[in-house]
>>> print(open('query-v2.pdb').read())   # PDB, C-alpha atoms
ATOM      1  CA  MET P   5     -21.401 -77.607 -58.671
ATOM      2  CA  LEU P   6     -23.483 -79.831 -56.401
ATOM      3  CA  GLY P   7     -25.975 -80.826 -59.091
ATOM      4  CA  ASN P   8     -23.305 -81.385 -61.722
ATOM      5  CA  ARG P   9     -21.244 -83.592 -59.417
ATOM      6  CA  ILE P  10     -24.213 -85.704 -58.381
ATOM      7  CA  ALA P  11     -25.332 -85.957 -62.020
ATOM      8  CA  GLN P  12     -22.110 -87.916 -62.618
ATOM      9  CA  TYR P  13     -23.028 -90.634 -60.102
ATOM     10  CA  ASP P  14     -23.432 -94.032 -61.740
ATOM     11  CA  SER P  15     -26.322 -94.765 -59.377
ATOM     12  CA  VAL P  16     -28.228 -91.677 -60.557
ATOM     13  CA  SER P  17     -27.830 -92.658 -64.208
ATOM     14  CA  ALA P  18     -28.831 -96.241 -63.442
ATOM     15  CA  PHE P  19     -31.922 -95.101 -61.541
ATOM     16  CA  SER P  20     -33.002 -92.801 -64.377
ATOM     17  CA  ILE P  21     -32.485 -95.549 -66.959
ATOM     18  CA  GLU P  22     -34.506 -97.994 -64.837
ATOM     19  CA  LEU P  23     -37.445 -95.568 -64.701
ATOM     20  CA  VAL P  24     -37.257 -94.990 -68.448
ATOM     21  CA  GLU P  25     -37.228 -98.745 -69.005
ATOM     22  CA  VAL P  26     -40.521 -99.107 -67.126
ATOM     23  CA  CYS P  27     -42.014 -96.328 -69.271
ATOM     24  CA  LYS P  28     -40.813 -98.115 -72.391
ATOM     25  CA  ARG P  29     -42.424-101.347 -71.197
ATOM     26  CA  TYR P  30     -45.701 -99.504 -70.800
ATOM     27  CA  LEU P  31     -45.505 -98.040 -74.316
ATOM     28  CA  VAL P  32     -44.781-101.498 -75.735
ATOM     29  CA  GLU P  33     -47.621-103.095 -73.742
ATOM     30  CA  ARG P  34     -49.958-100.294 -74.802
ATOM     31  CA  ALA P  35     -48.974-100.842 -78.440
ATOM     32  CA  ASN P  36     -49.783-104.552 -77.988
ATOM     33  CA  GLU P  37     -53.189-103.695 -76.534
ATOM     34  CA  LEU P  38     -54.011-101.405 -79.469
ATOM     35  CA  GLY P  39     -53.738-104.309 -81.921
ATOM     36  CA  GLY P  40     -54.431-103.884 -85.623
ATOM     37  CA  VAL P  41     -51.073-103.335 -87.275
ATOM     38  CA  THR P  42     -47.733-104.728 -86.185
ATOM     39  CA  ARG P  43     -46.502-103.856 -82.715
ATOM     40  CA  ALA P  44     -43.572-101.891 -84.158
ATOM     41  CA  GLY P  45     -45.961 -99.824 -86.267
ATOM     42  CA  LYS P  46     -48.273 -99.153 -83.332
ATOM     43  CA  LEU P  47     -45.356 -98.219 -81.093
ATOM     44  CA  HIS P  48     -44.116 -95.741 -83.692
ATOM     45  CA  GLN P  49     -47.634 -94.334 -84.076
ATOM     46  CA  LEU P  50     -47.984 -94.024 -80.300
ATOM     47  CA  THR P  51     -44.676 -92.209 -79.857
ATOM     48  CA  GLN P  52     -45.343 -89.994 -82.878
ATOM     49  CA  SER P  53     -48.651 -88.801 -81.440
ATOM     50  CA  TYR P  54     -47.015 -88.530 -78.023
ATOM     51  CA  LEU P  55     -44.499 -85.979 -79.324
ATOM     52  CA  SER P  56     -46.982 -84.152 -81.544
ATOM     53  CA  ILE P  57     -49.203 -83.066 -78.625
ATOM     54  CA  LEU P  58     -46.337 -81.503 -76.688
ATOM     55  CA  ARG P  59     -45.869 -77.760 -76.625
ATOM     56  CA  PRO P  60     -42.337 -76.327 -76.539
ATOM     57  CA  ILE P  61     -41.373 -75.963 -72.874
ATOM     58  CA  PRO P  62     -38.563 -73.448 -72.345
ATOM     59  CA  LEU P  63     -37.723 -74.261 -68.739
ATOM     60  CA  PRO P  64     -34.292 -75.826 -68.417
ATOM     61  CA  PHE P  65     -35.546 -79.017 -66.809
ATOM     62  CA  ALA P  66     -37.875 -79.780 -69.725
ATOM     63  CA  GLY P  67     -35.243 -81.844 -71.548
ATOM     64  CA  ARG P  68     -36.833 -81.303 -74.921
ATOM     65  CA  LEU P  69     -36.644 -84.082 -77.475
ATOM     66  CA  ARG P  70     -36.827 -82.951 -81.081
ATOM     67  CA  ASN P  71     -38.394 -85.962 -82.761
ATOM     68  CA  VAL P  72     -39.361 -89.615 -82.453
ATOM     69  CA  ALA P  73     -35.773 -90.707 -83.099
ATOM     70  CA  ASP P  74     -34.625 -88.683 -80.059
ATOM     71  CA  LEU P  75     -37.398 -90.221 -77.983
ATOM     72  CA  HIS P  76     -36.399 -93.732 -78.968
ATOM     73  CA  LEU P  77     -32.782 -93.004 -78.070
ATOM     74  CA  ALA P  78     -33.918 -91.845 -74.624
ATOM     75  CA  LEU P  79     -36.180 -94.878 -74.241
ATOM     76  CA  GLY P  80     -33.109 -96.953 -75.012
ATOM     77  CA  GLY P  81     -31.262 -95.353 -72.087
ATOM     78  CA  SER P  82     -29.206 -92.807 -74.040
ATOM     79  CA  GLY P  83     -29.045 -89.137 -73.123
ATOM     80  CA  SER P  84     -28.442 -86.833 -70.211
ATOM     81  CA  ILE P  85     -30.148 -87.065 -66.814
ATOM     82  CA  ARG P  86     -32.413 -84.227 -67.921
ATOM     83  CA  GLU P  87     -33.485 -86.012 -71.106
ATOM     84  CA  LEU P  88     -34.059 -89.316 -69.325
ATOM     85  CA  GLN P  89     -36.059 -87.812 -66.464
ATOM     86  CA  ALA P  90     -38.067 -85.638 -68.859
ATOM     87  CA  THR P  91     -38.942 -88.768 -70.848
ATOM     88  CA  VAL P  92     -40.351 -90.316 -67.679
ATOM     89  CA  TRP P  93     -42.289 -87.120 -66.928
ATOM     90  CA  ARG P  94     -43.736 -86.905 -70.420
ATOM     91  CA  THR P  95     -44.664 -90.580 -70.669
ATOM     92  CA  ILE P  96     -46.639 -90.415 -67.435
ATOM     93  CA  CYS P  97     -48.278 -87.034 -68.087
ATOM     94  CA  PHE P  98     -49.025 -87.317 -71.789
ATOM     95  CA  VAL P  99     -49.564 -91.040 -72.295
ATOM     96  CA  LEU P 100     -50.236 -92.995 -69.105
ATOM     97  CA  LEU P 101     -52.532 -90.626 -67.199
ATOM     98  CA  PRO P 102     -54.662 -89.645 -70.233
ATOM     99  CA  ASP P 103     -54.956 -93.350 -71.083
ATOM    100  CA  LEU P 104     -56.201 -94.187 -67.592
ATOM    101  CA  MET P 105     -58.484 -91.158 -67.316
ATOM    102  CA  ALA P 106     -60.154 -92.211 -70.556
ATOM    103  CA  GLY P 107     -60.319 -95.899 -69.750
ATOM    104  CA  GLY P 108     -60.699 -96.623 -66.049
ATOM    105  CA  ALA P 109     -59.664 -99.513 -63.845
ATOM    106  CA  ARG P 110     -60.729-102.345 -66.167
ATOM    107  CA  SER P 111     -59.516-100.751 -69.384
ATOM    108  CA  LYS P 112     -56.864-101.921 -71.800
ATOM    109  CA  PRO P 113     -54.548 -99.085 -70.643
ATOM    110  CA  ALA P 114     -54.902-100.291 -67.041
ATOM    111  CA  ARG P 115     -54.079-103.849 -68.101
ATOM    112  CA  ALA P 116     -51.056-102.595 -70.030
ATOM    113  CA  ALA P 117     -49.943-100.627 -66.964
ATOM    114  CA  ARG P 118     -50.167-103.701 -64.754
ATOM    115  CA  ASN P 119     -48.333-105.831 -67.302
ATOM    116  CA  ALA P 120     -45.538-103.254 -67.366
ATOM    117  CA  GLY P 121     -45.239-103.373 -63.576
ATOM    118  CA  LEU P 122     -46.685 -99.926 -62.856
ATOM    119  CA  ASP P 123     -48.616 -99.073 -59.725
ATOM    120  CA  CYS P 124     -51.878 -98.670 -61.608
ATOM    121  CA  ASP P 125     -53.925 -98.463 -58.395
ATOM    122  CA  PHE P 126     -51.966 -95.396 -57.289
ATOM    123  CA  CYS P 127     -52.504 -93.791 -60.721
ATOM    124  CA  LEU P 128     -56.240 -94.339 -60.407
ATOM    125  CA  GLU P 129     -56.187 -93.053 -56.832
ATOM    126  CA  LEU P 130     -54.634 -89.792 -58.045
ATOM    127  CA  ILE P 131     -57.171 -89.485 -60.832
ATOM    128  CA  GLU P 132     -60.184 -90.173 -58.611
ATOM    129  CA  HIS P 133     -58.925 -87.734 -55.996
ATOM    130  CA  ALA P 134     -58.562 -85.015 -58.618
ATOM    131  CA  LYS P 135     -61.981 -85.756 -60.119
ATOM    132  CA  SER P 136     -63.639 -85.482 -56.722
ATOM    133  CA  LYS P 137     -62.376 -81.909 -56.397
ATOM    134  CA  LEU P 138     -63.483 -80.732 -59.839
ATOM    135  CA  GLU P 139     -66.735 -80.252 -61.673
ATOM    136  CA  ARG P 140     -67.569 -83.272 -63.788
ATOM    137  CA  SER P 141     -67.878 -81.052 -66.843
ATOM    138  CA  GLN P 142     -64.259 -79.949 -66.628
ATOM    139  CA  VAL P 143     -61.467 -81.592 -68.576
ATOM    140  CA  LEU P 144     -58.655 -82.650 -66.299
ATOM    141  CA  SER P 145     -55.075 -81.760 -67.158
ATOM    142  CA  HIS P 146     -52.159 -83.915 -66.026
ATOM    143  CA  ARG P 147     -51.238 -81.150 -63.570
ATOM    144  CA  GLU P 148     -54.688 -81.295 -61.967
ATOM    145  CA  VAL P 149     -54.361 -85.039 -61.641
ATOM    146  CA  LEU P 150     -50.893 -84.988 -60.112
ATOM    147  CA  CYS P 151     -51.429 -81.904 -57.948
ATOM    148  CA  PRO P 152     -55.067 -81.728 -56.835
ATOM    149  CA  PRO P 153     -56.208 -78.643 -54.872
ATOM    150  CA  SER P 154     -55.586 -80.267 -51.498
ATOM    151  CA  ASP P 155     -51.947 -81.057 -52.302
ATOM    152  CA  PRO P 156     -49.665 -79.316 -49.729
ATOM    153  CA  ILE P 157     -47.144 -78.321 -52.401
ATOM    154  CA  LYS P 158     -49.825 -76.247 -54.132
ATOM    155  CA  PHE P 159     -50.528 -74.393 -50.904
ATOM    156  CA  TRP P 160     -46.842 -73.607 -50.390
ATOM    157  CA  GLN P 161     -46.416 -72.439 -53.967
ATOM    158  CA  SER P 162     -49.349 -70.049 -53.544
ATOM    159  CA  GLU P 163     -47.912 -68.851 -50.247
ATOM    160  CA  ALA P 164     -44.439 -68.205 -51.647
ATOM    161  CA  ARG P 165     -45.180 -66.830 -55.125
ATOM    162  CA  VAL P 166     -46.919 -63.825 -56.567
ATOM    163  CA  GLY P 167     -48.046 -63.340 -60.151
ATOM    164  CA  PRO P 168     -45.379 -63.678 -62.839
ATOM    165  CA  PRO P 169     -43.718 -60.538 -64.161
ATOM    166  CA  ASP P 170     -44.840 -58.908 -67.364
ATOM    167  CA  LEU P 171     -42.759 -61.045 -69.678
ATOM    168  CA  GLY P 172     -43.627 -59.134 -72.816
ATOM    169  CA  ARG P 173     -41.644 -60.235 -75.812
ATOM    170  CA  PHE P 174     -39.095 -62.066 -73.650
ATOM    171  CA  SER P 175     -41.489 -64.844 -72.705
ATOM    172  CA  ARG P 176     -41.864 -68.481 -73.657
ATOM    173  CA  CYS P 177     -42.226 -67.642 -77.341
ATOM    174  CA  TRP P 178     -38.476 -66.968 -77.568
ATOM    175  CA  SER P 179     -37.552 -70.572 -76.921
ATOM    176  CA  GLY P 180     -36.215 -71.880 -80.233
ATOM    177  CA  HIS P 181     -35.484 -68.494 -81.808
ATOM    178  CA  ARG P 182     -31.997 -67.212 -82.621
ATOM    179  CA  ARG P 183     -29.893 -65.629 -79.901
ATOM    180  CA  ALA P 184     -28.972 -62.702 -82.154
ATOM    181  CA  ASP P 185     -32.644 -61.802 -82.652
ATOM    182  CA  PHE P 186     -33.295 -61.969 -78.907
ATOM    183  CA  LEU P 187     -30.372 -59.629 -78.202
ATOM    184  CA  ARG P 188     -31.336 -57.288 -81.058
ATOM    185  CA  GLU P 189     -34.775 -56.865 -79.470
ATOM    186  CA  GLY P 190     -33.191 -55.797 -76.169
ATOM    187  CA  GLY P 191     -33.128 -59.164 -74.418
ATOM    188  CA  ALA P 192     -30.356 -60.163 -72.035
ATOM    189  CA  PHE P 193     -29.319 -63.665 -71.008
ATOM    190  CA  SER P 194     -28.805 -64.668 -67.391
ATOM    191  CA  GLY P 195     -25.673 -66.560 -66.371
ATOM    192  CA  VAL P 196     -27.593 -69.831 -66.481
ATOM    193  CA  GLU P 197     -28.946 -69.089 -69.944
ATOM    194  CA  ILE P 198     -25.486 -68.221 -71.257
ATOM    195  CA  ALA P 199     -24.209 -71.609 -70.084
ATOM    196  CA  LEU P 200     -27.127 -73.594 -71.543
ATOM    197  CA  ARG P 201     -27.206 -74.879 -75.087
ATOM    198  CA  SER P 202     -30.283 -75.379 -77.236
ATOM    199  CA  PRO P 203     -30.695 -78.819 -78.830
ATOM    200  CA  ARG P 204     -31.249 -76.921 -82.095
ATOM    201  CA  GLY P 205     -27.713 -75.511 -82.074
ATOM    202  CA  GLU P 206     -25.402 -72.921 -80.550
ATOM    203  CA  GLU P 207     -27.038 -69.978 -82.309
ATOM    204  CA  TYR P 208     -30.488 -70.585 -80.824
ATOM    205  CA  VAL P 209     -31.987 -69.305 -77.578
ATOM    206  CA  PRO P 210     -31.683 -72.056 -74.949
ATOM    207  CA  TRP P 211     -34.272 -72.971 -72.356
ATOM    208  CA  LEU P 212     -35.224 -69.810 -70.515
ATOM    209  CA  ASP P 213     -34.280 -69.453 -66.867
ATOM    210  CA  GLY P 214     -37.197 -70.470 -64.636
ATOM    211  CA  ALA P 215     -36.675 -67.328 -62.540
ATOM    212  CA  ARG P 216     -38.057 -65.300 -65.476
ATOM    213  CA  LEU P 217     -41.446 -66.924 -65.036
ATOM    214  CA  VAL P 218     -41.837 -66.660 -61.250
ATOM    215  CA  CYS P 219     -41.827 -63.804 -58.723
ATOM    216  CA  MET P 220     -41.151 -64.704 -55.089
ATOM    217  CA  ARG P 221     -42.822 -63.171 -52.048
ATOM    218  CA  PRO P 222     -39.935 -62.242 -49.685
ATOM    219  CA  ASP P 223     -42.205 -62.068 -46.620
ATOM    220  CA  SER P 224     -43.647 -65.575 -47.136
ATOM    221  CA  VAL P 225     -43.101 -68.288 -44.528
ATOM    222  CA  PHE P 226     -41.274 -70.341 -47.159
ATOM    223  CA  ALA P 227     -38.843 -67.526 -48.018
ATOM    224  CA  LYS P 228     -38.280 -66.620 -44.365
ATOM    225  CA  THR P 229     -37.550 -70.245 -43.471
ATOM    226  CA  ALA P 230     -35.024 -70.519 -46.291
ATOM    227  CA  THR P 231     -33.407 -67.216 -45.272
ATOM    228  CA  ALA P 232     -33.096 -68.397 -41.662
ATOM    229  CA  LEU P 233     -31.119 -71.395 -42.950
ATOM    230  CA  ARG P 234     -29.106 -69.125 -45.275
ATOM    231  CA  GLU P 235     -30.534 -70.959 -48.255
ATOM    232  CA  PRO P 236     -31.276 -69.233 -51.570
ATOM    233  CA  VAL P 237     -34.780 -69.032 -53.001
ATOM    234  CA  ILE P 238     -34.978 -69.214 -56.795
ATOM    235  CA  THR P 239     -38.452 -70.204 -57.969
ATOM    236  CA  GLY P 240     -40.039 -71.476 -54.756
ATOM    237  CA  PRO P 241     -41.245 -74.953 -53.756
ATOM    238  CA  SER P 242     -40.413 -77.459 -56.463
ATOM    239  CA  ASN P 243     -43.561 -78.924 -57.954
ATOM    240  CA  THR P 244     -41.380 -80.951 -60.309
ATOM    241  CA  ALA P 245     -39.618 -82.607 -57.365
ATOM    242  CA  ALA P 246     -43.031 -83.375 -55.834
ATOM    243  CA  ASP P 247     -44.094 -84.909 -59.141
ATOM    244  CA  MET P 248     -40.920 -87.001 -59.176
ATOM    245  CA  THR P 249     -41.924 -88.475 -55.810
ATOM    246  CA  LYS P 250     -45.262 -89.469 -57.351
ATOM    247  CA  PHE P 251     -43.642 -90.707 -60.577
ATOM    248  CA  ALA P 252     -41.327 -92.970 -58.603
ATOM    249  CA  ARG P 253     -44.284 -94.555 -56.849
ATOM    250  CA  ILE P 254     -46.200 -94.947 -60.112
ATOM    251  CA  LEU P 255     -43.179 -96.733 -61.614
ATOM    252  CA  GLY P 256     -42.713 -98.993 -58.590
ATOM    253  CA  ALA P 257     -39.730 -97.104 -57.175
ATOM    254  CA  GLY P 258     -41.396 -95.350 -54.242
ATOM    255  CA  GLY P 259     -38.922 -94.947 -51.382
ATOM    256  CA  ASP P 260     -35.875 -95.637 -53.568
ATOM    257  CA  PRO P 261     -32.977 -93.703 -51.969
ATOM    258  CA  ARG P 262     -31.635 -92.796 -55.429
ATOM    259  CA  LEU P 263     -34.620 -90.524 -56.042
ATOM    260  CA  THR P 264     -33.173 -87.626 -54.035
ATOM    261  CA  PRO P 265     -29.817 -87.445 -55.855
ATOM    262  CA  ALA P 266     -31.636 -87.922 -59.187
ATOM    263  CA  ALA P 267     -33.884 -84.925 -58.451
ATOM    264  CA  ILE P 268     -30.880 -82.833 -57.405
ATOM    265  CA  ALA P 269     -29.034 -83.794 -60.601
ATOM    266  CA  TYR P 270     -32.115 -82.983 -62.676
ATOM    267  CA  LEU P 271     -33.012 -79.576 -61.249
ATOM    268  CA  LEU P 272     -29.922 -77.911 -59.781
ATOM    269  CA  PRO P 273     -27.444 -77.677 -62.697
ATOM    270  CA  THR P 274     -29.697 -75.412 -64.763
ATOM    271  CA  GLY P 275     -30.730 -73.145 -61.896
ATOM    272  CA  SER P 276     -34.351 -74.299 -61.894
ATOM    273  CA  HIS P 277     -34.418 -74.607 -58.099
ATOM    274  CA  SER P 278     -32.179 -74.416 -55.069
ATOM    275  CA  LEU P 279     -31.298 -77.473 -52.984
ATOM    276  CA  PHE P 280     -33.715 -76.267 -50.293
ATOM    277  CA  GLU P 281     -36.570 -76.052 -52.819
ATOM    278  CA  VAL P 282     -35.867 -79.496 -54.293
ATOM    279  CA  LEU P 283     -35.709 -81.287 -50.938
ATOM    280  CA  PHE P 284     -38.907 -79.553 -49.828
ATOM    281  CA  GLY P 285     -40.640 -80.626 -53.049
ATOM    282  CA  LEU P 286     -39.528 -84.241 -52.667
ATOM    283  CA  ARG P 287     -41.316 -84.259 -49.303
ATOM    284  CA  MET P 288     -44.478 -83.060 -51.067
ATOM    285  CA  GLY P 289     -44.478 -79.890 -49.005
ATOM    286  CA  THR P 290     -45.004 -81.741 -45.733
ATOM    287  CA  ALA P 291     -41.796 -80.652 -43.962
ATOM    288  CA  PHE P 292     -38.899 -78.249 -44.459
ATOM    289  CA  PRO P 293     -35.418 -79.764 -44.873
ATOM    290  CA  ASP P 294     -33.189 -79.115 -41.885
ATOM    291  CA  ILE P 295     -29.624 -77.872 -41.752
ATOM    292  CA  HIS P 296     -28.196 -81.398 -41.360
ATOM    293  CA  GLU P 297     -29.871 -82.744 -44.508
ATOM    294  CA  LEU P 298     -28.773 -79.720 -46.514
ATOM    295  CA  ALA P 299     -25.199 -80.124 -45.248
ATOM    296  CA  TYR P 300     -25.238 -83.835 -46.049
ATOM    297  CA  TRP P 301     -26.034 -83.314 -49.721
ATOM    298  CA  ARG P 302     -23.549 -80.480 -50.096
ATOM    299  CA  HIS P 303     -20.912 -82.754 -48.601
ATOM    300  CA  GLN P 304     -21.528 -85.224 -51.434
ATOM    301  CA  ALA P 305     -20.171 -82.719 -53.961
ATOM    302  CA  ILE P 306     -16.852 -82.981 -52.117
ATOM    303  CA  LEU P 307     -16.765 -86.665 -51.208
ATOM    304  CA  GLY P 308     -18.246 -88.181 -54.373
ATOM    305  CA  GLU P 309     -20.389 -91.233 -54.884
ATOM    306  CA  SER P 310     -18.095 -93.774 -53.222
ATOM    307  CA  SER P 311     -18.980 -92.405 -49.787
ATOM    308  CA  ASN P 312     -22.626 -91.664 -50.542
ATOM    309  CA  ASP P 313     -24.865 -94.213 -48.863
ATOM    310  CA  HIS P 314     -28.076 -92.223 -49.558
ATOM    311  CA  SER P 315     -28.952 -92.703 -45.901
ATOM    312  CA  VAL P 316     -30.702 -89.352 -45.426
TER     313      VAL P 316
END
>>> encode(input="query-v2.pdb", output="structure tokens")
Amino acid sequence: MLGNRIAQYDSVSAFSIELVEVCKRYLVERANELGGVTRAGKLHQLTQSYLSILRPIPLPFAGRLRNVADLHLALGGSGSIRELQATVWRTICFVLLPDLMAGGARSKPARAARNAGLDCDFCLELIEHAKSKLERSQVLSHREVLCPPSDPIKFWQSEARVGPPDLGRFSRCWSGHRRADFLREGGAFSGVEIALRSPRGEEYVPWLDGARLVCMRPDSVFAKTATALREPVITGPSNTAADMTKFARILGAGGDPRLTPAAIAYLLPTGSHSLFEVLFGLRMGTAFPDIHELAYWRHQAILGESSNDHSV
């Protein structure tokens, strides 16, 4: 209930749309820098290639977009919180960071980033930090850029999680298949998965519950701390929430108080993480949320946005 209520806040929608607008400005600026054909043609080409490199992601927070038309709707500010935030995530991971890794500080992508109002220096700082920890011969993924080995959230994830279960035929490959086939093969949907709907239609398997892909270590410090606060543990420290903290800074919204409710609205409704895990991730794994902060955000589900001053 908490995530769904906060997802209805006008301020959360406005914040998500503002972040998407910055991403759209970057795509337009990048299309201008590419030159050659008309800007509209280059923008279409850029977004087409942007979608073509994506792999289907079954986790509920992925906010999959089916085609370029869906992407352009999201870039125009239409869609759910999940679709808007996922558009931000994808633009940074699959367009901006690869552009900058390939080009460097004086490149056309860097100029486009500055023209769009992005914190290009912070992007380059992340990239250089990641490169310093890796062999020069390795190809960097967006995950290695955003979460280099020294990142505290990576330590806490390793501390709290063990290897994933043997997923067998009920793994990522089921995302996009028909529900009837999944059930016929012996699969069973969780409560979250029953409630979710695939963008392909009612008869298709929705995003798979993130708990399928992660096993928690009950004796970990993270799990014990959550238990002491009577907080549930679902998939452990939220790397996505940590990324959102970095995304906000990249897009010039670092420290914006609307980030916390936006992350809650993005990750809680689909059971991806608990409130405890999201708040911990937003702090980049540097401090556990306390009982007062947890109570504050739960109180918002009762009081509504009018009394939410985002002061925590």
>>> resolve_selection(input="query-v2.pdb", expression="the PyMOL selection byres ((chain P and resi 270) around 7)", output="short mmCIF file (atom, residue, chain, number, x, y, z; two decimals) with C-alpha atoms, keeping the file's coordinate frame")
data_model
loop_
_atom_site.label_atom_id
_atom_site.label_comp_id
_atom_site.auth_asym_id
_atom_site.auth_seq_id
_atom_site.Cartn_x
_atom_site.Cartn_y
_atom_site.Cartn_z
CA PHE P 65 -35.55 -79.02 -66.81
CA ILE P 85 -30.15 -87.06 -66.81
CA ARG P 86 -32.41 -84.23 -67.92
CA ALA P 266 -31.64 -87.92 -59.19
CA ALA P 267 -33.88 -84.92 -58.45
CA ILE P 268 -30.88 -82.83 -57.40
CA ALA P 269 -29.03 -83.79 -60.60
CA LEU P 271 -33.01 -79.58 -61.25
CA LEU P 272 -29.92 -77.91 -59.78
#
>>> resolve_selection(input="query-v2.pdb", expression="the PyMOL selection byres ((chain P and resi 127-137) around 10)", output="PyMOL selection string")
chain P and resi 96+100-102+104-105+108-109+114+117+122-126+138-140+142-155+250-251+253-255
>>> residues_around(input="query-v2.pdb", residues="Ala78 (chain P)", least_positions_apart="4", cutoff="6 Å", atoms="only C-alpha atoms", output="ChimeraX atom specification")
/P:82-83,88
>>> residues_near_point(input="query-v2.pdb", point="(-39.6, -69.0, -47.9)", cutoff="10 Å", atoms="all atoms listed in the file", output="number ranges by chain")
P: 160-161, 163-165, 220-232, 235-237, 240-241, 280-281, 292
>>> closest_residue(input="query-v2.pdb", among="P:Ser242, P:Asp103, P:Pro273, P:Ser84", to="Val16 (chain P)", atoms="all atoms listed in the file")
P:Ser84
>>> atom_distance(input="query-v2.pdb", atom1="CA of Phe159 (chain P)", atom2="CA of Phe284 (chain P)")
12.8 Å
>>> resolve_selection(input="query-v2.pdb", expression="the PyMOL selection byres ((chain P and resi 259) around 12)", output="number ranges by chain")
P: 248-258, 260-264, 286-287, 314-316
>>> closest_residue(input="query-v2.pdb", among="P:Ile198, P:Ala192, P:Thr91, P:Trp301", to="Glu22 (chain P)", atoms="all atoms listed in the file")
P:Thr91
>>> atom_distance(input="query-v2.pdb", atom1="CA of Phe19 (chain P)", atom2="CA of Asp247 (chain P)")
16.1 Å
>>> residues_around(input="query-v2.pdb", residues="Gly81 (chain P)", least_positions_apart="5", cutoff="10 Å", atoms="all atoms listed in the file", output="ChimeraX atom specification")
/P:17-18,20-25,28,75-76,87-88
